[in-house]
Structure formats: structure tokens, C-alpha cells
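The file structure.txt comes next; it holds compact mmCIF, C-alpha atoms.
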# COMPACT_ATOMS: atom_id res chain seq x y z
CA MET A 1 -6.97 17.58 -1.57
CA SER A 2 -6.18 14.25 -3.27
CA ASP A 3 -8.63 11.35 -3.59
CA ALA A 4 -6.74 9.38 -0.95
CA THR A 5 -6.97 12.24 1.55
CA LEU A 6 -10.69 12.64 0.86
CA TYR A 7 -11.31 8.97 1.65
CA GLY A 8 -9.01 9.25 4.67
CA VAL A 9 -11.23 11.99 6.09
CA LEU A 10 -14.27 9.81 5.27
CA GLY A 11 -12.68 6.95 7.26
CA ALA A 12 -12.07 9.29 10.20
CA VAL A 13 -15.71 10.46 10.19
CA LEU A 14 -16.96 6.84 9.95
CA VAL A 15 -14.98 5.91 13.08
CA GLY A 16 -16.56 8.82 14.98
CA LEU A 17 -20.05 7.98 13.71
CA GLY A 18 -19.71 4.33 14.66
CA LEU A 19 -18.34 5.22 18.10
CA PHE A 20 -21.34 7.49 18.68
CA GLY A 21 -23.73 4.65 17.79
CA LEU A 22 -21.82 2.27 20.05
CA ILE A 23 -22.21 4.65 23.02
CA VAL A 24 -25.80 5.89 22.64
CA HIS A 25 -27.70 2.83 21.33
CA PRO A 26 -28.94 0.65 24.20
CA GLN A 27 -29.81 -2.38 22.00
CA PRO A 28 -26.87 -4.83 21.76
CA LEU A 29 -27.58 -5.54 18.07
CA ARG A 30 -27.29 -1.84 17.26
CA LYS A 31 -24.01 -1.77 19.18
CA ILE A 32 -22.71 -4.67 17.05
CA LEU A 33 -23.79 -2.77 13.94
CA ALA A 34 -22.03 0.40 15.10
CA PHE A 35 -18.94 -1.65 15.94
CA ASN A 36 -18.85 -2.84 12.32
CA LEU A 37 -19.13 0.77 11.17
CA ILE A 38 -16.05 1.65 13.25
CA GLY A 39 -14.31 -1.31 11.63
CA GLY A 40 -15.20 -0.03 8.16
CA GLY A 41 -13.67 3.35 9.01
CA VAL A 42 -10.47 1.87 10.46
CA PHE A 43 -10.03 -0.41 7.44
CA LEU A 44 -10.55 2.56 5.13
CA LEU A 45 -7.76 4.43 6.94
CA PHE A 46 -5.54 1.41 6.21
CA GLY A 47 -6.63 1.58 2.57
CA VAL A 48 -5.64 5.22 2.37
CA VAL A 49 -2.20 4.47 3.82
CA ALA A 50 -1.88 1.70 1.22
CA ARG A 51 -2.98 4.01 -1.59
CA ARG A 52 -0.43 6.64 -0.60
CA GLY A 53 2.28 3.97 -0.76
CA ALA A 54 1.62 3.32 -4.46
CA SER A 55 4.89 2.64 -6.26
CA ALA A 56 6.74 0.03 -8.33
CA GLY A 57 3.84 -0.12 -10.76
CA LEU A 58 1.36 -1.17 -8.04
CA GLY A 59 -1.76 0.90 -7.35
CA GLY A 60 -1.19 0.61 -3.61
CA ASP A 61 1.02 -1.00 -0.98
CA PRO A 62 -0.15 -4.66 -0.93
CA VAL A 63 0.87 -5.25 2.73
CA PRO A 64 -1.79 -3.02 4.36
CA GLN A 65 -4.30 -4.25 1.77
CA ALA A 66 -3.66 -7.86 2.79
CA LEU A 67 -3.95 -6.80 6.46
CA VAL A 68 -7.39 -5.35 5.73
CA ILE A 69 -8.56 -8.64 4.18
CA THR A 70 -7.34 -10.41 7.33
CA GLY A 71 -9.12 -7.78 9.41
CA LEU A 72 -12.40 -8.21 7.54
CA VAL A 73 -12.39 -11.95 8.18
CA VAL A 74 -11.61 -11.52 11.88
CA ALA A 75 -14.27 -8.78 12.21
CA PHE A 76 -16.81 -11.17 10.71
CA ALA A 77 -15.79 -13.92 13.14
CA ALA A 78 -16.14 -11.53 16.09
CA THR A 79 -19.54 -10.33 14.83
CA ALA A 80 -20.80 -13.90 14.42
CA LEU A 81 -19.70 -14.78 17.96
CA ALA A 82 -21.30 -11.61 19.37
CA VAL A 83 -24.59 -12.34 17.59
CA ALA A 84 -24.55 -15.94 18.86
CA LEU A 85 -23.99 -14.68 22.44
CA LEU A 86 -26.83 -12.18 22.06
CA LEU A 87 -29.29 -14.75 20.69
CA ARG A 88 -28.38 -17.16 23.53
CA LEU A 89 -28.99 -14.37 26.06
CA PHE A 90 -32.40 -13.76 24.47
CA GLN A 91 -33.18 -17.50 24.49
CA GLU A 92 -32.23 -17.75 28.17
CA THR A 93 -33.84 -14.58 29.59
CA GLY A 94 -36.40 -13.59 26.95
CA ARG A 95 -34.80 -10.15 26.84
CA ALA A 96 -32.05 -8.65 24.74
CA THR A 97 -30.60 -6.00 27.00
CA LEU A 98 -27.28 -5.32 28.67
CA ARG A 99 -28.94 -4.17 31.91
CA SER A 100 -28.47 -6.39 34.91
CA ASP A 101 -31.54 -8.21 36.24
CA ASP A 102 -31.85 -6.43 39.61
CA SER A 103 -32.46 -2.99 38.08
CA PRO A 104 -36.15 -2.04 37.66
CA PRO A 105 -37.47 -2.53 34.09
CA MET B 1 -12.74 13.96 -8.18
CA ALA B 2 -16.42 14.92 -8.52
CA PHE B 3 -17.29 11.21 -8.53
CA ASP B 4 -15.24 10.66 -5.37
CA ILE B 5 -16.91 13.53 -3.53
CA GLY B 6 -20.32 12.17 -4.53
CA LEU B 7 -19.41 8.63 -3.46
CA ALA B 8 -17.97 9.80 -0.12
CA THR B 9 -21.14 11.82 0.56
CA LEU B 10 -23.31 8.81 -0.26
CA VAL B 11 -21.28 6.50 2.03
CA LEU B 12 -21.52 9.05 4.82
CA GLY B 13 -25.28 9.43 4.33
CA VAL B 14 -25.94 5.69 4.45
CA ALA B 15 -23.63 5.30 7.48
CA ALA B 16 -25.52 8.08 9.29
CA TRP B 17 -28.78 6.28 8.43
CA THR B 18 -27.61 3.00 10.00
CA ILE B 19 -26.92 4.89 13.23
CA ALA B 20 -29.98 7.17 13.17
CA ALA B 21 -32.70 4.76 11.95
CA ARG B 22 -35.32 3.96 14.61
CA ASP B 23 -36.01 0.46 13.34
CA THR B 24 -33.18 -2.07 13.73
CA PHE B 25 -34.23 -3.92 10.57
CA ALA B 26 -34.01 -0.69 8.55
CA ALA B 27 -30.60 0.03 10.09
CA VAL B 28 -29.30 -3.39 9.00
CA ILE B 29 -30.58 -2.81 5.45
CA GLY B 30 -28.66 0.49 5.55
CA PHE B 31 -25.57 -1.39 6.70
CA VAL B 32 -25.74 -3.76 3.71
CA ALA B 33 -25.98 -0.79 1.33
CA PHE B 34 -23.10 0.84 3.24
CA GLY B 35 -20.94 -2.25 2.68
CA LEU B 36 -21.62 -2.31 -1.06
CA LEU B 37 -20.84 1.41 -1.42
CA LEU B 38 -17.69 0.92 0.65
CA ALA B 39 -16.65 -1.80 -1.82
CA LEU B 40 -16.83 0.89 -4.54
CA VAL B 41 -14.58 3.10 -2.41
CA TRP B 42 -12.08 0.21 -2.20
CA VAL B 43 -12.02 0.07 -6.00
CA ARG B 44 -11.33 3.82 -6.04
CA VAL B 45 -8.31 3.44 -3.73
CA ALA B 46 -6.90 0.76 -6.07
CA ALA B 47 -7.62 -2.23 -3.82
CA PRO B 48 -9.87 -4.55 -5.88
CA ASP B 49 -9.01 -7.56 -3.68
CA VAL B 50 -10.30 -5.74 -0.61
CA ALA B 51 -13.35 -4.56 -2.58
CA LEU B 52 -14.29 -8.19 -3.29
CA ALA B 53 -13.79 -9.15 0.36
CA GLU B 54 -15.80 -6.14 1.58
CA ALA B 55 -18.72 -6.86 -0.77
CA ALA B 56 -18.81 -10.59 0.02
CA LEU B 57 -17.91 -10.65 3.74
CA GLY B 58 -18.44 -7.15 5.13
CA SER B 59 -21.71 -6.51 3.33
CA GLY B 60 -23.06 -9.93 2.32
CA LEU B 61 -22.35 -12.45 5.09
CA THR B 62 -22.32 -9.92 7.95
CA GLY B 63 -25.52 -8.37 6.57
CA GLY B 64 -27.26 -11.74 6.35
CA LEU B 65 -26.18 -12.62 9.89
CA LEU B 66 -27.47 -9.32 11.31
CA LEU B 67 -30.72 -9.49 9.30
CA SER B 68 -31.63 -12.91 10.67
CA ALA B 69 -30.67 -11.80 14.20
CA SER B 70 -32.74 -8.61 13.92
CA SER B 71 -35.83 -10.54 12.80
CA ARG B 72 -35.48 -12.91 15.77
CA LEU B 73 -35.08 -9.98 18.18
CA ALA B 74 -37.79 -7.87 16.49
CA HIS B 75 -40.13 -7.60 19.49
CA THR B 76 -37.43 -6.60 21.97
CA ASN B 77 -37.17 -3.05 20.62
CA GLY B 78 -39.68 -1.67 23.13
CA SER B 79 -37.38 -1.73 26.18
CA ALA B 80 -34.79 0.31 24.28
CA VAL B 81 -36.81 3.50 24.69
CA ILE B 82 -36.52 3.36 28.50
CA GLU B 83 -32.83 2.56 28.41
CA LYS B 84 -31.97 5.38 26.03
CA PRO B 85 -29.28 7.62 27.57
CA SER B 86 -30.21 11.15 28.61
CA ALA B 87 -29.86 14.15 26.28
CA ILE B 88 -26.76 15.37 28.16
CA MET B 89 -25.12 11.98 27.82
CA ARG B 90 -25.83 11.93 24.10
CA LEU B 91 -24.50 15.44 23.66
CA ALA B 92 -21.30 14.50 25.53
CA ALA B 93 -20.94 11.39 23.38
CA ALA B 94 -21.44 13.43 20.19
CA LEU B 95 -18.78 15.92 21.35
CA PHE B 96 -16.33 13.16 22.22
CA CYS B 97 -16.86 11.36 18.91
CA THR B 98 -16.48 14.58 16.92
CA LEU B 99 -13.15 15.20 18.66
CA MET B 100 -12.13 11.62 17.86
CA SER B 101 -12.97 12.08 14.17
CA ALA B 102 -11.20 15.44 14.06
CA ALA B 103 -8.04 13.93 15.59
CA LEU B 104 -8.06 11.06 13.08
CA ALA B 105 -8.69 13.45 10.17
CA ALA B 106 -5.78 15.62 11.36
CA ILE B 107 -3.53 12.54 11.36
CA VAL B 108 -4.63 11.74 7.80
CA LEU B 109 -3.87 15.30 6.68
CA LEU B 110 -0.47 15.28 8.42
CA LEU B 111 0.76 11.91 7.12
CA PRO B 112 4.46 12.00 6.16
CA GLU B 113 5.49 12.75 2.59
CA PRO B 114 6.70 10.67 0.77
CA ALA B 115 4.61 7.87 2.24
CA PRO B 116 6.49 4.81 3.58
CA THR B 117 5.75 1.76 1.45
CA LEU B 118 6.64 -1.90 1.08
CA ALA B 119 5.33 -2.03 -2.50
CA PRO B 120 8.80 -2.11 -4.16
CA GLN B 121 9.91 -5.08 -1.99
CA ALA B 122 6.62 -6.88 -2.59
CA ALA B 123 6.92 -6.36 -6.34
CA ALA B 124 10.61 -7.31 -6.46
CA ASN B 125 10.06 -10.70 -4.81
CA LEU B 126 6.87 -11.50 -6.69
CA ALA B 127 8.75 -13.51 -9.33
CA ALA B 128 10.19 -15.85 -6.66
CA THR B 129 6.67 -16.83 -5.51
CA GLY B 130 5.42 -17.48 -9.04
CA LEU B 131 2.29 -15.50 -8.20
CA GLY B 132 0.99 -12.53 -10.19
CA ASN B 133 -1.15 -10.90 -7.48
CA PRO B 134 0.95 -9.09 -4.84
CA VAL B 135 -1.86 -9.19 -2.24
CA THR B 136 -2.09 -12.99 -2.54
CA ALA B 137 1.70 -13.11 -2.31
CA VAL B 138 1.55 -11.18 1.00
CA LEU B 139 -1.20 -13.45 2.35
CA MET B 140 0.21 -16.78 1.19
CA ALA B 141 3.99 -16.25 1.12
CA TYR B 142 5.45 -13.16 2.86
CA ARG B 143 3.03 -13.13 5.80
CA ALA B 144 1.74 -16.71 5.65
CA ILE B 145 1.92 -17.17 9.44
CA ASP B 146 -0.53 -14.28 9.89
CA THR B 147 -2.94 -15.99 7.53
CA LEU B 148 -2.56 -19.29 9.42
CA LEU B 149 -3.41 -17.54 12.71
CA GLU B 150 -6.39 -15.88 11.04
CA VAL B 151 -7.78 -19.26 9.97
CA VAL B 152 -7.27 -20.44 13.56
CA VAL B 153 -9.17 -17.36 14.83
CA LEU B 154 -12.10 -18.35 12.60
CA LEU B 155 -12.01 -21.85 14.05
CA LEU B 156 -11.93 -20.47 17.62
CA ALA B 157 -14.93 -18.24 16.88
CA LEU B 158 -16.81 -21.30 15.63
CA ALA B 159 -15.85 -23.27 18.75
CA GLY B 160 -17.12 -20.35 20.84
CA THR B 161 -20.39 -20.21 18.89
CA TRP B 162 -20.98 -23.94 19.21
CA SER B 163 -20.24 -23.89 22.92
CA LEU B 164 -23.30 -21.65 23.38
CA ALA B 165 -25.57 -24.60 22.58
CA PRO B 166 -27.73 -25.91 25.45
CA ASP B 167 -26.25 -29.13 26.89
CA HIS B 168 -28.93 -31.51 25.61
CA LEU B 169 -28.55 -30.26 22.03
CA TRP B 170 -24.79 -30.75 21.86
CA GLY B 171 -23.88 -32.57 18.67
CA GLY B 172 -27.19 -31.54 17.11
CA LEU B 173 -27.97 -29.53 14.01
CA PRO B 174 -27.75 -25.74 13.72
CA GLY B 175 -30.60 -23.66 12.32
CA ARG B 176 -34.36 -23.97 12.70
CA GLY B 177 -34.83 -26.85 10.31
CA ASP B 178 -37.93 -25.42 8.61
CA PRO B 179 -36.90 -24.29 5.13
CA VAL B 180 -38.18 -20.86 4.16
CA ASP B 181 -40.49 -20.77 1.15
CA ARG B 182 -40.44 -24.49 0.27
CA GLY B 183 -41.16 -24.98 -3.41
CA GLY B 184 -41.36 -21.21 -3.92
CA VAL B 185 -39.39 -18.69 -5.90
CA LEU B 186 -36.43 -18.68 -3.50
CA THR B 187 -36.03 -22.46 -3.74
CA PHE B 188 -36.15 -22.27 -7.53
CA ASP B 189 -33.66 -19.42 -7.40
CA ALA B 190 -31.33 -21.46 -5.17
CA GLN B 191 -31.51 -24.45 -7.52
CA LEU B 192 -30.38 -22.23 -10.39
CA LEU B 193 -27.93 -20.08 -8.47
CA VAL B 194 -26.04 -22.58 -6.31
CA PRO B 195 -24.24 -24.47 -9.13
CA ILE B 196 -23.29 -21.20 -10.84
CA GLY B 197 -22.26 -19.66 -7.53
CA ILE B 198 -20.00 -22.62 -6.74
CA LEU B 199 -18.29 -22.17 -10.12
CA VAL B 200 -17.88 -18.43 -9.49
CA GLY B 201 -16.45 -19.12 -6.04
CA ILE B 202 -13.89 -21.58 -7.39
CA HIS B 203 -13.03 -19.16 -10.20
CA ILE B 204 -12.48 -16.23 -7.79
CA PHE B 205 -10.24 -18.46 -5.69
CA TRP B 206 -8.32 -19.75 -8.73
CA VAL B 207 -7.65 -16.38 -10.43
CA GLY B 208 -6.53 -14.99 -7.05
CA SER B 209 -2.97 -16.08 -7.84
CA VAL B 210 -2.69 -13.69 -10.79
CA ALA B 211 -5.64 -11.26 -10.55
CA PRO B 212 -7.92 -9.73 -7.88
CA GLY B 213 -9.53 -12.55 -5.90
CA GLY B 214 -8.16 -15.19 -3.58
CA GLU B 215 -9.06 -17.83 -1.06
CA PHE B 216 -11.01 -15.62 1.36
CA GLN B 217 -13.17 -14.03 -1.33
CA GLY B 218 -13.78 -17.37 -3.10
CA ALA B 219 -14.48 -19.15 0.21
CA THR B 220 -17.03 -16.49 1.17
CA ILE B 221 -18.97 -17.07 -2.07
CA LEU B 222 -18.84 -20.85 -1.54
CA ALA B 223 -20.06 -20.35 2.03
CA ALA B 224 -22.92 -18.15 0.79
CA MET B 225 -23.99 -20.88 -1.63
CA TRP B 226 -24.02 -23.46 1.15
CA ILE B 227 -26.04 -21.10 3.37
CA LEU B 228 -28.55 -20.56 0.53
CA ALA B 229 -28.88 -24.30 0.02
CA MET B 230 -29.41 -24.84 3.79
CA MET B 231 -31.92 -21.96 4.01
CA THR B 232 -34.10 -23.33 1.24
CA GLY B 233 -33.84 -26.91 2.49
CA LEU B 234 -31.98 -28.23 -0.57
CA VAL B 235 -29.50 -29.71 1.89
CA ASP B 236 -29.84 -30.00 5.67
CA ALA B 237 -27.31 -28.50 8.05
CA PRO B 238 -24.71 -31.03 9.27
CA GLY B 239 -24.56 -32.29 12.83
CA VAL B 240 -21.76 -30.41 14.56
CA SER B 241 -20.06 -33.57 15.85
CA GLY B 242 -19.86 -35.24 12.43
CA ARG B 243 -16.40 -36.62 11.72
CA TRP B 244 -16.26 -35.44 8.08
CA LEU B 245 -17.37 -31.96 9.03
CA ARG B 246 -14.73 -31.67 11.74
CA LEU B 247 -12.12 -32.91 9.27
CA ALA B 248 -13.16 -30.31 6.66
CA LEU B 249 -12.87 -27.58 9.30
CA VAL B 250 -9.35 -28.43 10.48
CA VAL B 251 -7.74 -29.65 7.24
CA GLY B 252 -6.93 -26.06 6.15
CA PRO B 253 -5.01 -24.98 9.27
CA ALA B 254 -3.41 -28.45 9.51
CA VAL B 255 -2.04 -28.30 5.96
CA PHE B 256 -0.90 -24.75 6.61
CA LEU B 257 1.25 -25.98 9.51
CA ALA B 258 3.14 -28.18 7.06
CA TYR B 259 4.05 -25.11 5.01
CA PRO B 260 7.40 -25.78 3.30
CA GLU B 261 10.18 -23.24 2.88
CA SER B 262 9.86 -22.98 -0.89
CA HIS B 263 7.31 -20.51 -2.19
CA ALA B 264 6.63 -22.17 -5.52
CA LYS B 265 3.26 -21.41 -7.05
CA LEU B 266 2.27 -25.09 -7.17
CA VAL B 267 2.96 -25.51 -3.45
CA ILE B 268 0.97 -22.39 -2.62
CA LEU B 269 -2.01 -23.49 -4.71
CA THR B 270 -1.92 -27.00 -3.20
CA ILE B 271 -2.10 -25.46 0.26
CA GLU B 272 -4.78 -22.99 -0.74
CA VAL B 273 -7.32 -25.64 -1.80
CA PRO B 274 -7.87 -27.21 1.66
CA VAL B 275 -7.55 -23.76 3.28
CA THR B 276 -10.35 -22.46 1.05
CA LEU B 277 -12.50 -25.50 1.90
CA SER B 278 -11.97 -24.98 5.64
CA ILE B 279 -12.67 -21.23 5.49
CA ALA B 280 -15.86 -21.79 3.45
CA ALA B 281 -17.14 -24.42 5.89
CA THR B 282 -16.26 -22.30 8.94
CA LEU B 283 -17.90 -19.13 7.56
CA ALA B 284 -21.12 -20.95 6.63
CA LEU B 285 -21.35 -22.62 10.06
CA LEU B 286 -20.68 -19.31 11.82
CA VAL B 287 -23.75 -17.89 10.07
CA ALA B 288 -25.76 -21.05 10.84
CA GLY B 289 -25.07 -20.57 14.57
CA PRO B 290 -24.93 -23.02 17.49
CA PRO B 291 -26.72 -26.41 17.43
CA ASN B 292 -30.44 -25.80 17.83
CA ARG B 293 -32.10 -29.16 17.10
CA ALA B 294 -31.39 -32.70 18.26
CA LEU B 295 -29.76 -35.09 15.85
CA LYS B 296 -32.38 -37.22 14.07
Just give me the structure as C-alpha cells.
Amino acid sequence: MSDATLYGVLGAVLVGLGLFGLIVHPQPLRKILAFNLIGGGVFLLFGVVARRGASAGLGGDPVPQALVITGLVVAFAATALAVALLLRLFQETGRATLRSDDSPP
Amino acid sequence: MAFDIGLATLVLGVAAWTIAARDTFAAVIGFVAFGLLLALVWVRVAAPDVALAEAALGSGLTGGLLLSASSRLAHTNGSAVIEKPSAIMRLAAALFCTLMSAALAAIVLLLPEPAPTLAPQAAANLAATGLGNPVTAVLMAYRAIDTLLEVVVLLLALAGTWSLAPDHLWGGLPGRGDPVDRGGVLTFDAQLLVPIGILVGIHIFWVGSVAPGGEFQGATILAAMWILAMMTGLVDAPGVSGRWLRLALVVGPAVFLAYPESHAKLVILTIEVPVTLSIAATLALLVAGPPNRALK
């Protein structure tokens, strides 16, 4: 197994781990955290594809690498917006939960 | 190879901790460590540009954002126990996620050989751009429109964040306005660190044309320095309706729209300066959040 394949498998496991956290954690902040873990895994898969495309004296294919940088910035923007929404929800209702109001506490 | 196996195990362990930890604060700390270790992985797969971005953005700024949010939501953890899904649900989720990972791992193992790549084309046209870093060439020349749209996405996220402000605070200042640790160690630290950090940020941006670095990595460091200065009260946050602030935010995308056909290095660098300024300002204000105090 080459280094790239090893990290590819790591990326695959990270996606699964993050997805699990996203499903089972009831707190929205933990969901945002898990979502970022999924992102890390997906980006790593991109990195492995880039690494496998190493040629012409370059250590990796620069196109997927540039895509990952773009992805990181967009993931941060989405996270910041999600956190702002969550904090506003907390400010408005005093609770930080995704449950609707009519269900018993 | 032994190093890689060790590193992968460590990354996996820290990732599992961020999911399994009971305390949200502890989970966020785990996430920051995860980001830094992941940056090491990026170095190992020969992507130093991404490693810089991961360490600065993925671990640093995202970590800071989540840390401050988790401390503000600290006493809401209690209700989570009641809302926790049943054991059967969790087992089903674990099964589903394992299948998902297995499918992805199978795809990785079955990737075509030889791998498709655009590296030769990217390297062949590098001379025409005058740049020495192929990743910067992709971002600023070959796929410049993607980068423009990305800067616009940042701006939209900031507009969305600001729009969450209560009506009477519109145009006000973000943040709480009470500097942490006034006159303490952190303030002293910030006074020392901010000038150096600004230099490092500009350097990372500048060398991005020939070496690992670039406008996103440099802008993130600049944003972090601004956040540190705002946190410690060295400077106050700007009012969100200030004309100069708005100008700084849109100058990057606006200059990008005027992108000429030629890909000369001078042109690219001239465009990159306002783009870096806009990205830095947008990132810092995204962390600062919506307006929270009335304008004085």
C-alpha cells in the first residue's frame, strides 16, 4: 500500500466518522464540528487524487490542490454563517436546540 | 511509511475524540489539534500550499470561531442528554457510516492506473504566467473565475452573518466590546505579536507567486492579527456600515472583475493585493460576527 492510498483510506474513515457525529449528536455546535470533520476527509480524498497525479516534476496535480484551498475557504464561510445562526437562535430563544418549540422539553 | 502509519493513527484518534468527547469545549480543542495534524498530512502528500491553508483556516480561524461559540453556549449542554437518539438509532447510524467509509475506501483502492493528471499542462504553461508556484497559477490565472466566485461567496456569507443582527443594532459594532484581559499578558502578547504577524502575513502572500503560500494563506494570518487586536482592545471593531470598511470588502472582487486577458506576473500581483485585503477583512469580520452593540 502506498502512502497516498493510506491517506486515502484515512480520508474515507474521516468522512464516515464525521457523518456519524452529524447524525447522533443533538447539539447543533457538535453537528457543525462533525460537518467540518467530513470536510477534512473529503478534502483529503482530493489531496490523494492530486498526489497520485504527480508528474512533470510536480509533487502533485496542482488543480485539485487549488480546489481544496477554495474548498477550505468556502467551508470556513459556511461554518461562520452556521455559528452566527446558532448564536442568534440562542439569543432569541435562550436555547440551542434543533427541536421545535411545541415538543415537550 | 512507519511515520505515515503513525500520523494517520494519530489523526484518526484525535478525530474520534472530537466526536466522542462529552464536553463540547474539549471536542473543539480536539478539532484544533486535528486540524494541525491534518496540516502535517498535507505536507506528506506534497501539498504545502494546502497545509498552510489548513493550519491557518481549517484549524486556526475555524477553531477560534467554534471555541468562542462553545463558551457562549456552555450551559446549554444539559438538554442534549434528553435529545440523544436511542441506542438502536445510534447503532443504525454507525452501520450506515461504516458502509459509507468502506465504499469510499474501496473507491480509493480501485482508482485507475495511471492516474489522470493536469500537472503536465499546468507546468507547461507556468512560464506564460510568470509565476513559479503552480497552485497560485491555477488560482490566479487558469481558474481565476473560480477564485473570483469564491471571494464573492465569502462576501455573501458576511452579508448573511450581518443580516442576523437585531434591527435596532443595524450599523453597530460586532463583538462584546469588553476586551479580555486588559493590560494583562495577552494584551502584551498582542502588542508584540501583531506587527510581526502582519509582516509574516504579507510575506506569505508575497512569496506565494514562487513558493508555497498565497493570498488566502496570507490573508488568513492578517485576519488573525486583526482579530487578536480587536480581542485585546488594541483597536475597536469597525461599525458595519462604515464607508471605508465596505470599500475594503468589495475592492477585491471589483478589481477581479477587471481581470485583463494577459497573465503577466505584474498584473496578477497588482490584482492580488486588493483581493488579499478584502479576504483578510471579510475573514476577520466573519469571526467577529453580526453587529452586537450600538454605534457610539
Can you list, as a list in words, every protein, DNA or RNA residue that comes within 10 Å of A:Ala4 when you count all atoms listed in the file, leaving out same-chain residues fewer than 3 positions away? Met1, Tyr7, Gly8, Val9, Leu10, Leu44, Leu45, Gly47, Val48, Val49, Ala50, Arg51 and Arg52 of chain A; Asp4, Arg44, Val45 and Val108 of chain B
If you count only C-alpha atoms, which residues fall within 9 Å of stretch 114-127 of chain B, apart from same-chain ones fewer than 4 positions away, as a list in words?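 The residues satisfying every condition are Val49, Ala50, Arg52, Gly53, Ala54, Ser55, Ala56, Gly57, Leu58, Gly60, Asp61, Pro62 and Val63 of chain A; Leu131, Gly132, Asn133, Pro134, Val135, Ala137, Val138 and Tyr142 of chain B.
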Prev. selection, C-alpha atoms, output as a PDB file, keeping the file's coordinate frame:
ATOM      1  CA  VAL A  49      -2.200   4.470   3.820  1.00  0.00           C
ATOM      2  CA  ALA A  50      -1.880   1.700   1.220  1.00  0.00           C
ATOM      3  CA  ARG A  52      -0.430   6.640  -0.600  1.00  0.00           C
ATOM      4  CA  GLY A  53       2.280   3.970  -0.760  1.00  0.00           C
ATOM      5  CA  ALA A  54       1.620   3.320  -4.460  1.00  0.00           C
ATOM      6  CA  SER A  55       4.890   2.640  -6.260  1.00  0.00           C
ATOM      7  CA  ALA A  56       6.740   0.030  -8.330  1.00  0.00           C
ATOM      8  CA  GLY A  57       3.840  -0.120 -10.760  1.00  0.00           C
ATOM      9  CA  LEU A  58       1.360  -1.170  -8.040  1.00  0.00           C
ATOM     10  CA  GLY A  60      -1.190   0.610  -3.610  1.00  0.00           C
ATOM     11  CA  ASP A  61       1.020  -1.000  -0.980  1.00  0.00           C
ATOM     12  CA  PRO A  62      -0.150  -4.660  -0.930  1.00  0.00           C
ATOM     13  CA  VAL A  63       0.870  -5.250   2.730  1.00  0.00           C
TER      14      VAL A  63
ATOM     15  CA  LEU B 131       2.290 -15.500  -8.200  1.00  0.00           C
ATOM     16  CA  GLY B 132       0.990 -12.530 -10.190  1.00  0.00           C
ATOM     17  CA  ASN B 133      -1.150 -10.900  -7.480  1.00  0.00           C
ATOM     18  CA  PRO B 134       0.950  -9.090  -4.840  1.00  0.00           C
ATOM     19  CA  VAL B 135      -1.860  -9.190  -2.240  1.00  0.00           C
ATOM     20  CA  ALA B 137       1.700 -13.110  -2.310  1.00  0.00           C
ATOM     21  CA  VAL B 138       1.550 -11.180   1.000  1.00  0.00           C
ATOM     22  CA  TYR B 142       5.450 -13.160   2.860  1.00  0.00           C
TER      23      TYR B 142
END
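Nearest residue to chain A among B:Cys97, B:Ala21, B:Ala284, B:Leu249 is B:Cys97, counting only C-alpha atoms.
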Which of B:Ala294, B:Leu110, B:Ala219, B:Ala288 sits closest to B:Leu158 [using all atoms listed in the file]: B:Ala288
How many Å separate atom CA of B:Thr136 from atom CA of B:Ser209?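 For atom CA of B:Thr136 relative to atom CA of B:Ser209, the distance reads 6.2 Å.
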Atom CA of B:Ala55 to atom CA of B:Leu36: how many Å, to one decimal?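 So the two atoms, atom CA of B:Ala55 and atom CA of B:Leu36, lie 5.4 Å apart.
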